[in-house]
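Taking it in order: structure first as structure tokens, then the write-up.
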Amino acid sequence: MKRISRRKFLRRTGAGVAAAPIVSTLGSSNAAAQTTAAQTTAPPADGRREIRIVVNGQQRRLRIDDRWTLAEVLRDHLDLTGTKVGCDRGECGACTVIVNGDAVYSCSYLAAWAEGATVMTVEGLARNGTLDPLQQAFIDHDAPQCGFCTSGQLMSAKALLTKVPNPSETQVKHALAGNLCRCSNYNRYVEAVLATAQANPRGTRQRSSAAAASGSVGATSSQSGAAATAAGASSNGSPSTTATSAGGPRSGGR
Ligand code: FES
Ligand code: FES
């Protein structure tokens with residue numbers, strides 16, 4: 001029996017393995033079509049996908065890794081560092097932004113999920129150099145202390161007031177419940193949000209019509225109860241399902 005060296009054996013089998021896929025592909029009748037399909041469906045060399053999102057009113061096209069979070073994209077690739085990262089695991093709320101009207105934890109929200117979405121960060125609140133009324137109220141009520149939680153608090157409050165212009169105190173507390181403040185200035189944050197709602201014409205109209213409907217203009221308890229009901233809260237002031245769904249950032253997932 002003819003002896004074959006280890007080197008020759010490896011060289012021959014290696015060539016066979018390398019040639020095998022070429023032979024099978026070229027041997028099929030629709031080899032050209034298969035090759036074309038493979039080329040068009042193959043992932044790009046860098047393994048990234050393109051997404052389009054509207055951030056603070058501006059259309060953006062980005063190439064992202066599937067593993068990137070929205071917080072990473074906003075901070076590291078769009079330079080929107082007003083969004084803070086505290087815990088990076090969906091617990092503190094510092095990273096809260098608004099996605100399609102909902103407050104979400106951007107540290108726990110994959111950027112890929114935001115494809116086609118409208119995103120608002122704290123940088124999108126001020127218009128033409130004028131602070132959003134919420135930002136002004138935060139300042140007026142001395143709410144920010146160290147300020148690390150502030151952008152998250154603002155975005156949770158903004159999401160609430162956009163959906164519920166005249167929230168009850170309970171609804172405000174519920175909406176901010178997912179935003180921790182190490183400086184413990186929770187009362188000031190709640191006061192500021194309520195003051196913004198009081199000054200908001202949408203909220204004022206809602207309060208007036210609710211009071212007129214109840215026939216008790218000036219009766220504070222009836223007024224707040226009716227307005228809270230119109231806003232989705234039950235008559236005893238506790239949040240209803242609607243109010244619950246309006247408040248508190250979501251922790252990723254779709
Ligand atoms: S950084 Fe704490 S919840 Fe996102
Ligand atoms: S103001 Fe310091 S953590 Fe909230």
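Just remember, in the structure tokens the first chain shown is A, the second B, etc., residues are 1-based per chain, and ligands are 1-based in the order shown.
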Next item on the list: List all protein, DNA and RNA residues that have at least one atom no more than 6 Å from any atom of ligand 2, counting only C-alpha atoms and all ligand atoms, and write them as a list in words.
Entry: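 The neighbouring residues of ligand 2 are, in order, Pro144, Gln145, Cys146, Gly147, Phe148, Cys149, Thr150, Cys181, Arg182 and Cys183 of chain A.
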Keeping only C-alpha atoms, write those residues as a PDB file, in the first residue's frame.
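Result file is selection_25.pdb:
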ATOM      1  CA  PRO A 144     -32.769  70.683  39.955  1.00  0.00           C
ATOM      2  CA  GLN A 145     -30.068  70.316  42.601  1.00  0.00           C
ATOM      3  CA  CYS A 146     -27.105  68.409  41.164  1.00  0.00           C
ATOM      4  CA  GLY A 147     -29.141  68.193  37.953  1.00  0.00           C
ATOM      5  CA  PHE A 148     -28.217  64.655  36.969  1.00  0.00           C
ATOM      6  CA  CYS A 149     -31.782  63.387  37.023  1.00  0.00           C
ATOM      7  CA  THR A 150     -33.273  66.583  35.586  1.00  0.00           C
ATOM      8  CA  CYS A 181     -33.499  61.761  42.363  1.00  0.00           C
ATOM      9  CA  ARG A 182     -30.520  61.224  44.615  1.00  0.00           C
ATOM     10  CA  CYS A 183     -30.908  64.781  45.861  1.00  0.00           C
TER      11      CYS A 183
END
Note to self: What does the list of residues within 10 Å of ligand 1 look like if you count only C-alpha atoms and all ligand atoms, written as a PyMOL selection string?
What the structure shows: chain A and resi 71+83-97+104-109+149+152+178-180+249-252
Atoms kept (C-alpha atoms) for selection, written as a short mmCIF file (atom, residue, chain, number, x, y, z; two decimals), in the first residue's frame:
data_model
loop_
_atom_site.label_atom_id
_atom_site.label_comp_id
_atom_site.auth_asym_id
_atom_site.auth_seq_id
_atom_site.Cartn_x
_atom_site.Cartn_y
_atom_site.Cartn_z
CA ALA A 71 -28.93 56.09 24.65
CA THR A 83 -29.62 62.43 27.93
CA LYS A 84 -27.79 61.01 30.94
CA VAL A 85 -26.86 57.44 31.74
CA GLY A 86 -26.94 56.57 35.43
CA CYS A 87 -27.59 52.91 36.10
CA ASP A 88 -27.61 51.75 32.44
CA ARG A 89 -30.10 49.02 33.36
CA GLY A 90 -33.57 50.54 33.48
CA GLU A 91 -33.73 51.56 37.12
CA CYS A 92 -32.96 55.26 37.61
CA GLY A 93 -34.69 57.05 34.71
CA ALA A 94 -31.83 59.47 33.99
CA CYS A 95 -31.84 58.32 30.37
CA THR A 96 -35.56 58.97 29.75
CA VAL A 97 -36.47 60.26 26.29
CA VAL A 104 -38.90 55.31 27.57
CA TYR A 105 -35.63 54.39 29.22
CA SER A 106 -33.23 54.86 26.33
CA CYS A 107 -30.57 52.71 28.07
CA SER A 108 -32.94 49.75 27.79
CA TYR A 109 -34.32 50.50 24.35
CA CYS A 149 -31.78 63.39 37.02
CA GLY A 152 -35.07 62.47 32.62
CA GLY A 178 -39.62 55.95 37.41
CA ASN A 179 -37.21 58.86 37.78
CA LEU A 180 -35.02 58.64 40.86
CA PRO A 249 -41.13 55.49 31.42
CA ARG A 250 -41.19 52.13 29.68
CA SER A 251 -38.25 49.89 30.18
CA GLY A 252 -37.51 48.70 26.65
#
Notebook entry, point to check: For the atom pair atom CA of A:Ala197 and atom CA of A:Asn166, what is the interatomic distance in Å to one decimal place?
Noted result: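 Value for the atom CA of A:Ala197-atom CA of A:Asn166 distance: 5.5 Å.
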Margin query: With only C-alpha atoms as the counted atoms, please give the residues lying no more than 12 Å from A:Thr196, apart from itself and same-chain residues fewer than 4 positions off, as a PyMOL selection string.
Written below: chain A and resi 132-141+154+157-158+160-162+164-167+172+189-192+200-204
I need the chosen residues saved as a PDB file, in the first residue's frame, with C-alpha atoms.
ATOM      1  CA  ASP A 132     -40.031  75.149  27.354  1.00  0.00           C
ATOM      2  CA  PRO A 133     -42.476  76.206  30.115  1.00  0.00           C
ATOM      3  CA  LEU A 134     -41.572  73.005  31.953  1.00  0.00           C
ATOM      4  CA  GLN A 135     -37.897  73.906  31.979  1.00  0.00           C
ATOM      5  CA  GLN A 136     -38.708  77.403  33.227  1.00  0.00           C
ATOM      6  CA  ALA A 137     -40.947  75.991  35.952  1.00  0.00           C
ATOM      7  CA  PHE A 138     -38.210  73.603  37.052  1.00  0.00           C
ATOM      8  CA  ILE A 139     -35.925  76.601  37.481  1.00  0.00           C
ATOM      9  CA  ASP A 140     -38.570  78.743  39.163  1.00  0.00           C
ATOM     10  CA  HIS A 141     -39.342  75.988  41.657  1.00  0.00           C
ATOM     11  CA  LEU A 154     -38.292  66.758  32.196  1.00  0.00           C
ATOM     12  CA  ALA A 157     -43.169  65.236  32.650  1.00  0.00           C
ATOM     13  CA  LYS A 158     -43.306  66.359  29.024  1.00  0.00           C
ATOM     14  CA  LEU A 160     -47.381  63.269  30.643  1.00  0.00           C
ATOM     15  CA  LEU A 161     -48.445  66.866  29.914  1.00  0.00           C
ATOM     16  CA  THR A 162     -48.645  66.178  26.183  1.00  0.00           C
ATOM     17  CA  VAL A 164     -52.794  64.816  29.983  1.00  0.00           C
ATOM     18  CA  PRO A 165     -52.623  68.653  29.986  1.00  0.00           C
ATOM     19  CA  ASN A 166     -54.251  68.948  33.403  1.00  0.00           C
ATOM     20  CA  PRO A 167     -52.997  66.052  35.518  1.00  0.00           C
ATOM     21  CA  VAL A 172     -47.770  63.617  38.175  1.00  0.00           C
ATOM     22  CA  TYR A 189     -40.316  68.464  40.712  1.00  0.00           C
ATOM     23  CA  VAL A 190     -43.977  67.619  41.270  1.00  0.00           C
ATOM     24  CA  GLU A 191     -44.780  71.247  42.158  1.00  0.00           C
ATOM     25  CA  ALA A 192     -43.088  72.453  38.985  1.00  0.00           C
ATOM     26  CA  ASN A 200     -51.100  75.887  30.307  1.00  0.00           C
ATOM     27  CA  PRO A 201     -54.096  77.263  28.296  1.00  0.00           C
ATOM     28  CA  ARG A 202     -55.020  73.709  27.275  1.00  0.00           C
ATOM     29  CA  GLY A 203     -55.192  72.716  30.905  1.00  0.00           C
ATOM     30  CA  THR A 204     -57.063  75.895  31.831  1.00  0.00           C
TER      31      THR A 204
END
Next item on the list: Check the DSSP output for the backbone and give back, as an NGL selection string, the residues of stretch 93-172 of chain A in strand (DSSP E).
Entry: :A and (96-99 or 102-105 or 118-120)
Checklist line | Residue with smallest distance to A:Gly82 - pool A:Gln198, A:Gly124, A:Gly129, A:Tyr186, counting only C-alpha atoms | finding: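 Among A:Gln198, A:Gly124, A:Gly129, A:Tyr186, it is A:Gly124 that comes nearest to A:Gly82.
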Next item on the list: Run DSSP on the backbone and grab whatever in stretch 46-136 of chain A lands in helix (DSSP H, G or I); send it over as number ranges by chain.
Entry: A: 70-77, 106-108, 111-114, 122-124, 133-136
Check: Suppose you want the space between atom CA of A:Gly101 and atom CA of A:Asp142; what is it in Å?
Finding: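 Separation of atom CA of A:Gly101 and atom CA of A:Asp142: 26.7 Å.
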Check: Of the candidates A:Thr118, A:Asn187, A:Gln171, A:Asn128, which shows the shortest atom-to-atom distance to A:Ala143, using only C-alpha atoms?
Finding: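 Closest residue, counting only C-alpha atoms: A:Asn187.
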Next item on the list: Would you mind reading off the distance between atom CA of A:His174 and atom CA of A:Val119, one decimal, in Å?
Entry: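 Spanning atom CA of A:His174 to atom CA of A:Val119 is a straight-line distance of 22.0 Å.
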Check: Of the candidates A:Arg60, A:Arg52, A:His77, A:Arg67, which one gets nearest to A:Gly116 if we count only C-alpha atoms?
Finding: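 Ranked by minimum distance to A:Gly116, first place goes to A:Arg52.
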